[in-house]
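**Q** Input structure: query_12.tsv, which contains TSV, C-alpha atoms and all ligand atoms.
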```tsv
chain	number	residue	atom	x	y	z
A	15	MET	CA	306.98	175.43	42.84
A	16	GLY	CA	303.93	177.61	43.23
A	17	GLU	CA	301.28	177.26	45.85
A	18	ILE	CA	298.45	174.77	45.62
A	19	ILE	CA	295.42	176.29	43.88
A	20	ILE	CA	292.10	175.95	45.73
A	21	ARG	CA	288.78	177.37	44.56
A	22	GLN	CA	285.85	177.21	47.00
A	23	ILE	CA	282.46	177.45	45.30
A	24	LEU	CA	279.14	177.58	47.16
A	25	LEU	CA	276.49	175.72	45.17
A	26	GLY	CA	272.85	174.79	45.20
A	27	ASP	CA	269.94	174.78	47.60
A	28	PHE	CA	271.90	172.74	50.15
A	29	GLU	CA	274.73	175.32	50.26
A	30	VAL	CA	277.37	172.73	49.59
A	31	PHE	CA	280.96	173.81	49.06
A	32	THR	CA	282.42	172.36	45.87
A	33	TYR	CA	286.20	172.59	45.52
A	34	LEU	CA	288.58	172.73	42.61
A	35	VAL	CA	292.05	171.71	43.76
A	36	ALA	CA	294.87	172.10	41.26
A	37	CYS	CA	298.59	171.61	40.95
A	38	PRO	CA	300.25	174.99	40.26
A	39	ASN	CA	302.97	173.40	38.14
A	40	THR	CA	300.91	171.22	35.80
A	41	ARG	CA	297.36	172.60	36.30
A	42	GLU	CA	296.18	169.04	36.76
A	43	ALA	CA	293.15	169.16	39.07
A	44	ALA	CA	290.56	167.31	41.15
A	45	ILE	CA	286.95	168.34	41.76
A	46	ILE	CA	285.74	167.62	45.28
A	47	ASP	CA	281.98	167.15	45.84
A	48	PRO	CA	280.51	168.61	42.65
A	49	ALA	CA	277.18	169.78	43.99
A	50	GLY	CA	275.40	171.02	40.88
A	51	GLU	CA	275.64	173.89	38.38
A	52	GLU	CA	277.65	171.69	36.02
A	53	GLU	CA	278.05	174.31	33.30
A	54	LYS	CA	279.44	176.85	35.77
A	55	LEU	CA	281.97	174.31	37.04
A	56	LEU	CA	282.99	173.30	33.53
A	57	ALA	CA	283.43	176.96	32.57
A	58	MET	CA	285.65	177.54	35.61
A	59	VAL	CA	287.76	174.50	34.75
A	60	LYS	CA	288.17	175.78	31.20
A	61	ASP	CA	288.91	179.39	32.17
A	62	GLU	CA	291.60	178.30	34.61
A	63	GLY	CA	293.14	175.86	32.16
A	64	PHE	CA	292.73	172.94	34.56
A	65	ARG	CA	293.00	169.36	33.37
A	66	VAL	CA	290.75	167.41	35.71
A	67	LYS	CA	291.96	163.95	36.68
A	68	TYR	CA	289.50	162.87	39.38
A	69	ILE	CA	286.08	163.61	40.79
A	70	LEU	CA	286.39	163.00	44.53
A	71	ASN	CA	283.45	162.67	46.90
A	72	THR	CA	283.83	163.12	50.64
A	73	HIS	CA	280.75	160.90	51.02
A	74	GLY	CA	277.72	159.69	49.13
A	75	HIS	CA	274.96	162.02	50.30
A	76	ALA	CA	272.94	163.08	47.31
A	77	ASP	CA	273.58	166.82	47.68
A	78	HIS	CA	277.37	166.30	47.40
A	79	VAL	CA	277.24	164.18	44.25
A	80	LEU	CA	274.64	166.01	42.15
A	81	ALA	CA	276.99	166.83	39.26
A	82	ASN	CA	279.01	163.58	39.37
A	83	GLN	CA	277.52	161.94	36.31
A	84	HIS	CA	277.42	165.06	34.17
A	85	LEU	CA	281.04	165.99	34.90
A	86	LYS	CA	282.26	162.41	34.64
A	87	THR	CA	280.88	162.23	31.11
A	88	ALA	CA	281.93	165.75	30.09
A	89	LEU	CA	285.49	165.36	31.38
A	90	SER	CA	285.99	161.57	30.93
A	91	VAL	CA	287.30	161.13	34.47
A	92	PRO	CA	286.52	158.59	37.21
A	93	VAL	CA	284.36	159.27	40.26
A	94	CYS	CA	286.05	158.18	43.50
A	95	MET	CA	284.67	157.63	46.98
A	96	HIS	CA	285.41	155.29	49.86
A	97	GLU	CA	284.68	151.65	49.07
A	98	LEU	CA	282.35	151.37	52.09
A	99	GLU	CA	280.24	154.18	50.70
A	100	ASN	CA	279.82	152.25	47.46
A	101	GLU	CA	278.68	149.18	49.40
A	102	PHE	CA	276.45	151.11	51.75
A	103	PHE	CA	274.56	153.10	49.15
A	104	SER	CA	274.11	149.99	46.98
A	105	GLN	CA	271.74	148.47	49.53
A	106	LYS	CA	268.13	148.80	48.48
A	107	GLU	CA	266.79	149.74	51.91
A	108	VAL	CA	269.55	152.31	52.42
A	109	ARG	CA	268.82	153.88	49.04
A	110	GLU	CA	265.13	154.16	49.92
A	111	LEU	CA	265.76	155.64	53.36
A	112	SER	CA	268.36	158.09	52.08
A	113	ALA	CA	266.14	159.26	49.24
A	114	ALA	CA	263.32	159.85	51.72
A	115	GLU	CA	265.62	161.73	54.12
A	116	LEU	CA	267.23	164.02	51.56
A	117	GLY	CA	264.53	164.22	48.89
A	118	LEU	CA	267.11	163.28	46.26
A	119	GLN	CA	268.12	160.01	44.66
A	120	ALA	CA	271.01	158.14	46.34
A	121	PRO	CA	274.35	158.13	44.47
A	122	ASP	CA	275.35	155.77	41.69
A	123	PRO	CA	278.35	153.65	42.66
A	124	ALA	CA	281.72	155.36	42.20
A	125	ASP	CA	284.17	154.04	39.60
A	126	VAL	CA	286.99	153.86	42.13
A	127	GLY	CA	286.55	152.58	45.70
A	128	LEU	CA	289.07	154.31	47.96
A	129	LYS	CA	290.68	153.01	51.14
A	130	ASP	CA	292.13	154.76	54.17
A	131	GLU	CA	295.63	156.12	53.45
A	132	ASP	CA	295.30	155.83	49.67
A	133	VAL	CA	297.28	158.56	47.92
A	134	LEU	CA	296.06	160.16	44.70
A	135	ASN	CA	298.57	162.04	42.56
A	136	VAL	CA	297.34	165.19	40.86
A	137	GLY	CA	300.27	166.81	39.12
A	138	THR	CA	302.86	167.17	41.86
A	139	LEU	CA	300.17	167.16	44.57
A	140	GLU	CA	299.62	164.11	46.75
A	141	ILE	CA	296.06	163.86	48.01
A	142	ARG	CA	295.80	161.53	51.00
A	143	VAL	CA	292.54	159.75	51.78
A	144	ILE	CA	291.64	159.74	55.47
A	145	HIS	CA	288.69	157.51	56.37
A	146	THR	CA	286.53	159.33	58.93
A	147	PRO	CA	283.35	157.29	59.46
A	148	GLY	CA	280.50	158.70	61.55
A	149	HIS	CA	278.43	161.02	59.37
A	150	THR	CA	278.22	158.05	56.97
A	151	PRO	CA	280.14	154.74	57.06
A	152	GLY	CA	282.40	155.71	54.18
A	153	SER	CA	282.95	159.40	54.85
A	154	VAL	CA	286.48	160.55	54.13
A	155	CYS	CA	288.56	163.70	54.44
A	156	TYR	CA	291.14	164.58	51.79
A	157	PHE	CA	294.48	165.93	53.04
A	158	VAL	CA	296.78	167.76	50.67
A	159	ASP	CA	299.58	170.17	51.33
A	160	GLY	CA	298.37	171.40	54.74
A	161	ASN	CA	294.72	171.51	53.67
A	162	LEU	CA	291.95	169.19	54.86
A	163	PHE	CA	288.69	168.87	52.91
A	164	THR	CA	286.35	167.61	55.59
A	165	GLY	CA	283.00	167.14	53.83
A	166	ASP	CA	280.29	166.71	56.47
A	167	THR	CA	282.65	165.26	59.08
A	168	LEU	CA	283.81	168.60	60.50
A	169	PHE	CA	282.36	172.07	59.89
A	170	VAL	CA	283.55	175.44	61.11
A	171	GLY	CA	282.16	175.38	64.67
A	172	ALA	CA	280.16	172.18	64.23
A	173	ALA	CA	280.16	168.62	62.91
A	174	GLY	CA	277.98	166.59	60.59
A	175	ARG	CA	274.58	165.15	61.42
A	176	THR	CA	274.54	161.60	62.71
A	177	ASP	CA	270.77	161.08	62.66
A	178	LEU	CA	270.66	160.15	58.96
A	179	VAL	CA	270.85	156.51	57.85
A	180	GLY	CA	274.25	154.99	58.69
A	181	GLY	CA	275.24	157.83	61.04
A	182	SER	CA	276.97	157.32	64.40
A	183	LEU	CA	277.90	160.11	66.81
A	184	ASP	CA	280.39	157.86	68.63
A	185	MET	CA	282.18	157.05	65.41
A	186	LEU	CA	282.14	160.68	64.28
A	187	VAL	CA	283.73	161.92	67.51
A	188	ASP	CA	286.23	159.05	67.36
A	189	SER	CA	287.18	159.97	63.78
A	190	ILE	CA	287.71	163.62	64.70
A	191	GLU	CA	289.83	162.64	67.70
A	192	LYS	CA	291.95	159.92	66.10
A	193	LYS	CA	292.16	161.01	62.46
A	194	ILE	CA	291.87	164.81	62.36
A	195	LEU	CA	293.26	166.21	65.61
A	196	PRO	CA	296.67	164.49	65.17
A	197	LEU	CA	297.23	166.49	61.95
A	198	PRO	CA	299.34	169.67	62.17
A	199	LYS	CA	297.45	172.36	64.12
A	200	GLU	CA	297.86	174.90	61.32
A	201	THR	CA	296.05	172.60	58.86
A	202	VAL	CA	293.36	174.57	57.05
A	203	ILE	CA	289.84	173.14	57.29
A	204	TRP	CA	287.74	173.37	54.12
A	205	PRO	CA	284.25	172.15	55.11
A	206	GLY	CA	281.43	170.68	53.04
A	207	HIS	CA	278.90	173.38	53.95
A	208	ASP	CA	278.96	177.07	54.74
A	209	TYR	CA	277.61	176.69	58.28
A	210	GLY	CA	280.24	178.63	60.25
A	211	ASP	CA	280.92	182.32	60.75
A	212	THR	CA	283.83	181.99	58.31
A	213	PRO	CA	284.10	179.73	55.24
A	214	THR	CA	287.34	178.08	56.42
A	215	SER	CA	289.12	177.48	59.71
A	216	THR	CA	292.15	175.68	61.14
A	217	ILE	CA	292.48	172.70	63.44
A	218	ALA	CA	293.96	175.02	66.07
A	219	ARG	CA	290.91	177.28	65.99
A	220	GLU	CA	288.45	174.39	66.02
A	221	MET	CA	290.21	172.96	69.09
A	222	GLU	CA	289.39	176.25	70.84
A	223	GLU	CA	285.87	176.85	69.57
A	224	ASN	CA	284.19	173.73	68.20
A	225	VAL	CA	281.93	172.18	70.85
A	226	TYR	CA	282.22	168.73	69.27
A	227	ILE	CA	285.93	168.93	70.11
A	228	THR	CA	285.92	170.99	73.30
A	229	ASP	CA	283.01	169.12	74.91
A	230	PHE	CA	283.28	165.58	73.54
A	231	ILE	CA	287.05	165.12	73.20
A	232	LEU	CA	289.26	167.58	75.10
B	301	ZN	ZN	276.21	164.53	54.27
B	302	ZN	ZN	276.22	167.74	53.32
```
Rewrite the structure of this file - the entire thing - as structure tokens.
Ligand SMILES: [Zn+2]
Ligand SMILES: [Zn+2]

**A**
Amino acid sequence: MGEIIIRQILLGDFEVFTYLVACPNTREAAIIDPAGEEEKLLAMVKDEGFRVKYILNTHGHADHVLANQHLKTALSVPVCMHELENEFFSQKEVRELSAAELGLQAPDPADVGLKDEDVLNVGTLEIRVIHTPGHTPGSVCYFVDGNLFTGDTLFVGAAGRTDLVGGSLDMLVDSIEKKILPLPKETVIWPGHDYGDTPTSTIAREMEENVYITDFIL
């Protein structure tokens, strides 16, 4: 048993973190939030000898799904996001608002609609889906082997915007309190953007320093 393989790649104008997460034993892998630069991502997958099984989105915002369709076709793998996100971004008025807010087209529906507590097997890894609504209705975090991929729910030292369509600060704070803080304190946080003074953190550190936690919850 080796250690889980995680590659953190900063991509695009929105400075989104894309992740490659792979099983050390089988090199089966998932891509989390492919945010562009498809050829670079495909080259990395090839160089590392990964066999991608899933494209996973933390949520449907356009900047996090930019390379979904290209990679889905190139790799013949399904795109997965929370089922509420599929519903939400299928509404005409939501699509129009979101496109106006972000300047990019809203996402196509995912192939697989995930639910809270779903488990996805990637090699010997078990990736657990944790529904954390607030930034968007169907935002999720992915928990695997002591690592939490938080998308725009929780950043290093901050949390996601709630002023975009479908956002709710109350729900976001509730998700952080009830879904993230109960995880082991040494859990490593892998955020959706490079907004902090370090690219990763831990739940323990965020409980000390993140104002969304220190001021709104603790
Ligand atoms: Zn977002
Ligand atoms: Zn984002």

**Q** Can you work out which residues are within 8 Å of ligand ZN 302 (chain B), considering all atoms listed in the file, and then hand them over as a PDB file with C-alpha atoms, in the frame of the given file?

**A**
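To be explicit, this is the file written out as part-v2.pdb:
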```pdb
ATOM      1  CA  PHE A  28     271.900 172.740  50.150  1.00  0.00           C
ATOM      2  CA  VAL A  30     277.370 172.730  49.590  1.00  0.00           C
ATOM      3  CA  HIS A  75     274.960 162.020  50.300  1.00  0.00           C
ATOM      4  CA  ASP A  77     273.580 166.820  47.680  1.00  0.00           C
ATOM      5  CA  HIS A  78     277.370 166.300  47.400  1.00  0.00           C
ATOM      6  CA  GLY A 165     283.000 167.140  53.830  1.00  0.00           C
ATOM      7  CA  ASP A 166     280.290 166.710  56.470  1.00  0.00           C
ATOM      8  CA  GLY A 174     277.980 166.590  60.590  1.00  0.00           C
ATOM      9  CA  GLY A 206     281.430 170.680  53.040  1.00  0.00           C
ATOM     10  CA  HIS A 207     278.900 173.380  53.950  1.00  0.00           C
TER      11      HIS A 207
END
```

**Q** Which of these, A:Ala172, A:Ile141, A:Leu116, A:Cys37, has the shortest distance to A:Gly16 once you count all atoms listed in the file?

**A**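 Ranking A:Ala172, A:Ile141, A:Leu116, A:Cys37 by distance to A:Gly16, first place goes to A:Cys37.
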
**Q** What lies within 10 Å of A:Ser182 using all atoms listed in the file, ignoring chain neighbours under 5 positions off, as a list in words?

**A**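 Here the qualifying residues turn out to be Pro147, Gly148, His149, Thr150, Pro151, Arg175, Thr176, Asp177, Val187 and Asp188 of chain A.
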
**Q** My list of candidates is A:Lys67, A:Tyr33, A:Pro205, A:Ser189. Which is closest to ligand ZN 301 (chain B) when distances are computed with all atoms listed in the file?

**A**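 Ranking A:Lys67, A:Tyr33, A:Pro205, A:Ser189 by distance to ligand ZN 301 (chain B), first place goes to A:Pro205.
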
**Q** Find the spatial neighbours of A:Val91, counting all atoms listed in the file, within a cut-off of 7 Å - ignore same-chain residues fewer than 3 positions away - and output them as a ChimeraX atom specification.

**A** /A:67-69,86

**Q** Residues within 10 Å of (290.3, 171.9, 33.8), file coordinates, counting all atoms listed in the file: what are they? Give the list as a CSV table (one decimal) with C-alpha atoms, keeping the file's coordinate frame.

**A**
```
chain,number,residue,atom,x,y,z
A,34,LEU,CA,288.6,172.7,42.6
A,36,ALA,CA,294.9,172.1,41.3
A,41,ARG,CA,297.4,172.6,36.3
A,42,GLU,CA,296.2,169.0,36.8
A,43,ALA,CA,293.2,169.2,39.1
A,44,ALA,CA,290.6,167.3,41.2
A,45,ILE,CA,287.0,168.3,41.8
A,55,LEU,CA,282.0,174.3,37.0
A,56,LEU,CA,283.0,173.3,33.5
A,57,ALA,CA,283.4,177.0,32.6
A,58,MET,CA,285.6,177.5,35.6
A,59,VAL,CA,287.8,174.5,34.8
A,60,LYS,CA,288.2,175.8,31.2
A,61,ASP,CA,288.9,179.4,32.2
A,62,GLU,CA,291.6,178.3,34.6
A,63,GLY,CA,293.1,175.9,32.2
A,64,PHE,CA,292.7,172.9,34.6
A,65,ARG,CA,293.0,169.4,33.4
A,66,VAL,CA,290.8,167.4,35.7
A,67,LYS,CA,292.0,164.0,36.7
A,89,LEU,CA,285.5,165.4,31.4
```

**Q** So, counting only C-alpha atoms and all ligand atoms, which residue among A:Glu97, A:Glu51, A:Glu29, A:Glu222 is closest to ligand ZN 301 (chain B)?

**A**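 Closest to ligand ZN 301 (chain B), using only C-alpha atoms and all ligand atoms: A:Glu29.
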
**Q** Neighbours of A:Gly127 within 9 Å (only C-alpha atoms; same-chain residues fewer than 3 positions away dropped), as a list in words?

**A**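 The filter keeps Val93, Cys94, Met95, His96, Glu97, Leu98, Glu99, Asn100, Pro123 and Ala124 of chain A.
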
**Q** State, in Å with one decimal place, the distance from atom CA of A:Ser90 to atom CA of A:Ala49.

**A**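 Computing it gives 17.8 Å between the two atoms.
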
**Q** Suppose you want the space between atom CA of A:Ile203 and atom CA of A:Ile18; what is it in Å?

**A**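 Atom CA of A:Ile203 sits 14.6 Å away from atom CA of A:Ile18.
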
**Q** Put the listed atoms of stretch 116-127 of chain A in a box along x, y and z with 8 Å added on every side and give me the centre and edge lengths in Å to one decimal, as JSON.

**A**
```
{"center_x": 275.8, "center_y": 158.4, "center_z": 45.6, "size_x": 38.5, "size_y": 27.6, "size_z": 28.0}
```

**Q** Nearest to A:Phe103 among A:Gly160, A:Gly180, A:Pro48, A:Gly171, with distances taken over only C-alpha atoms: which residue is it?

**A**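 Among A:Gly160, A:Gly180, A:Pro48, A:Gly171, it is A:Gly180 that comes nearest to A:Phe103.
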
**Q** How far is it from atom CA of A:Ala218 to atom CA of A:Glu200, in Å with one decimal?

**A**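 We find that atom CA of A:Ala218 and atom CA of A:Glu200 lie 6.1 Å from each other.
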
**Q** Would you be able to write out as a PDB file with C-alpha atoms, in the coordinates of the input which residues have an atom within 10 Å of (291.7, 165.5, 60.4) in the file's coordinates, counting all atoms listed in the file?

**A**
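Below is the file that was written, selection-v6.pdb:
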```
ATOM      1  CA  ILE A 144     291.640 159.740  55.470  1.00  0.00           C
ATOM      2  CA  HIS A 145     288.690 157.510  56.370  1.00  0.00           C
ATOM      3  CA  THR A 146     286.530 159.330  58.930  1.00  0.00           C
ATOM      4  CA  VAL A 154     286.480 160.550  54.130  1.00  0.00           C
ATOM      5  CA  CYS A 155     288.560 163.700  54.440  1.00  0.00           C
ATOM      6  CA  TYR A 156     291.140 164.580  51.790  1.00  0.00           C
ATOM      7  CA  PHE A 157     294.480 165.930  53.040  1.00  0.00           C
ATOM      8  CA  ASN A 161     294.720 171.510  53.670  1.00  0.00           C
ATOM      9  CA  LEU A 162     291.950 169.190  54.860  1.00  0.00           C
ATOM     10  CA  PHE A 163     288.690 168.870  52.910  1.00  0.00           C
ATOM     11  CA  THR A 164     286.350 167.610  55.590  1.00  0.00           C
ATOM     12  CA  THR A 167     282.650 165.260  59.080  1.00  0.00           C
ATOM     13  CA  LEU A 168     283.810 168.600  60.500  1.00  0.00           C
ATOM     14  CA  SER A 189     287.180 159.970  63.780  1.00  0.00           C
ATOM     15  CA  ILE A 190     287.710 163.620  64.700  1.00  0.00           C
ATOM     16  CA  GLU A 191     289.830 162.640  67.700  1.00  0.00           C
ATOM     17  CA  LYS A 192     291.950 159.920  66.100  1.00  0.00           C
ATOM     18  CA  LYS A 193     292.160 161.010  62.460  1.00  0.00           C
ATOM     19  CA  ILE A 194     291.870 164.810  62.360  1.00  0.00           C
ATOM     20  CA  LEU A 195     293.260 166.210  65.610  1.00  0.00           C
ATOM     21  CA  PRO A 196     296.670 164.490  65.170  1.00  0.00           C
ATOM     22  CA  LEU A 197     297.230 166.490  61.950  1.00  0.00           C
ATOM     23  CA  PRO A 198     299.340 169.670  62.170  1.00  0.00           C
ATOM     24  CA  LYS A 199     297.450 172.360  64.120  1.00  0.00           C
ATOM     25  CA  THR A 201     296.050 172.600  58.860  1.00  0.00           C
ATOM     26  CA  VAL A 202     293.360 174.570  57.050  1.00  0.00           C
ATOM     27  CA  ILE A 203     289.840 173.140  57.290  1.00  0.00           C
ATOM     28  CA  ILE A 217     292.480 172.700  63.440  1.00  0.00           C
TER      29      ILE A 217
END
```

**Q** Counting only C-alpha atoms and all ligand atoms, which of A:Ile23, A:Leu139, A:Ile227, A:Leu178 gets nearest to ligand ZN 301 (chain B)?

**A**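 Among the listed residues, A:Leu178 lies closest to ligand ZN 301 (chain B).
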
**Q** Which residues are close to stretch 105-111 of chain A, i.e. within 7 Å by only C-alpha atoms, leaving aside same-chain residues fewer than 3 positions away? Reply as a VMD selection string.

**A** chain A and resid 101 to 102 114 to 115 120 179

**Q** Could stretch 75-96 of chain A be completed with N, CA and C atoms and written as an mmCIF file, keeping the file's coordinate frame, please?

**A**
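part03.cif, written as the output of this step:
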```
data_model
loop_
_atom_site.group_PDB
_atom_site.id
_atom_site.type_symbol
_atom_site.label_atom_id
_atom_site.label_comp_id
_atom_site.auth_asym_id
_atom_site.auth_seq_id
_atom_site.Cartn_x
_atom_site.Cartn_y
_atom_site.Cartn_z
ATOM 1 N N HIS A 75 276.248 161.316 50.208
ATOM 2 C CA HIS A 75 274.960 162.020 50.300
ATOM 3 C C HIS A 75 274.653 162.757 49.012
ATOM 4 N N ALA A 76 273.370 162.660 48.651
ATOM 5 C CA ALA A 76 272.940 163.080 47.310
ATOM 6 C C ALA A 76 273.330 164.520 46.993
ATOM 7 N N ASP A 77 273.295 165.409 47.983
ATOM 8 C CA ASP A 77 273.580 166.820 47.680
ATOM 9 C C ASP A 77 275.043 167.058 47.320
ATOM 10 N N HIS A 78 275.939 166.129 47.684
ATOM 11 C CA HIS A 78 277.370 166.300 47.400
ATOM 12 C C HIS A 78 277.792 165.654 46.074
ATOM 13 N N VAL A 79 276.880 164.932 45.461
ATOM 14 C CA VAL A 79 277.240 164.180 44.250
ATOM 15 C C VAL A 79 276.388 164.579 43.035
ATOM 16 N N LEU A 80 275.638 165.662 43.176
ATOM 17 C CA LEU A 80 274.640 166.010 42.150
ATOM 18 C C LEU A 80 275.207 166.109 40.740
ATOM 19 N N ALA A 81 276.434 166.623 40.604
ATOM 20 C CA ALA A 81 276.990 166.830 39.260
ATOM 21 C C ALA A 81 277.972 165.719 38.865
ATOM 22 N N ASN A 82 278.052 164.666 39.670
ATOM 23 C CA ASN A 82 279.010 163.580 39.370
ATOM 24 C C ASN A 82 278.890 163.065 37.936
ATOM 25 N N GLN A 83 277.684 162.636 37.599
ATOM 26 C CA GLN A 83 277.520 161.940 36.310
ATOM 27 C C GLN A 83 277.765 162.877 35.137
ATOM 28 N N HIS A 84 277.247 164.099 35.255
ATOM 29 C CA HIS A 84 277.420 165.060 34.170
ATOM 30 C C HIS A 84 278.906 165.368 33.947
ATOM 31 N N LEU A 85 279.629 165.620 35.023
ATOM 32 C CA LEU A 85 281.040 165.990 34.900
ATOM 33 C C LEU A 85 281.896 164.795 34.492
ATOM 34 N N LYS A 86 281.544 163.637 35.004
ATOM 35 C CA LYS A 86 282.260 162.410 34.640
ATOM 36 C C LYS A 86 282.216 162.197 33.125
ATOM 37 N N THR A 87 281.039 162.396 32.555
ATOM 38 C CA THR A 87 280.880 162.230 31.110
ATOM 39 C C THR A 87 281.572 163.361 30.346
ATOM 40 N N ALA A 88 281.372 164.592 30.808
ATOM 41 C CA ALA A 88 281.930 165.750 30.090
ATOM 42 C C ALA A 88 283.455 165.742 30.110
ATOM 43 N N LEU A 89 284.035 165.274 31.207
ATOM 44 C CA LEU A 89 285.490 165.360 31.380
ATOM 45 C C LEU A 89 286.199 164.013 31.182
ATOM 46 N N SER A 90 285.428 162.933 31.047
ATOM 47 C CA SER A 90 285.990 161.570 30.930
ATOM 48 C C SER A 90 286.958 161.258 32.063
ATOM 49 N N VAL A 91 286.481 161.423 33.287
ATOM 50 C CA VAL A 91 287.300 161.130 34.470
ATOM 51 C C VAL A 91 286.516 160.245 35.429
ATOM 52 N N PRO A 92 287.219 159.468 36.270
ATOM 53 C CA PRO A 92 286.520 158.590 37.210
ATOM 54 C C PRO A 92 286.013 159.325 38.444
ATOM 55 N N VAL A 93 284.893 158.818 38.969
ATOM 56 C CA VAL A 93 284.360 159.270 40.260
ATOM 57 C C VAL A 93 284.936 158.366 41.340
ATOM 58 N N CYS A 94 285.433 158.952 42.414
ATOM 59 C CA CYS A 94 286.050 158.180 43.500
ATOM 60 C C CYS A 94 285.363 158.486 44.824
ATOM 61 N N MET A 95 285.061 157.456 45.577
ATOM 62 C CA MET A 95 284.670 157.630 46.980
ATOM 63 C C MET A 95 285.079 156.387 47.755
ATOM 64 N N HIS A 96 284.962 156.434 49.063
ATOM 65 C CA HIS A 96 285.410 155.290 49.860
ATOM 66 C C HIS A 96 284.628 154.035 49.493
#
```
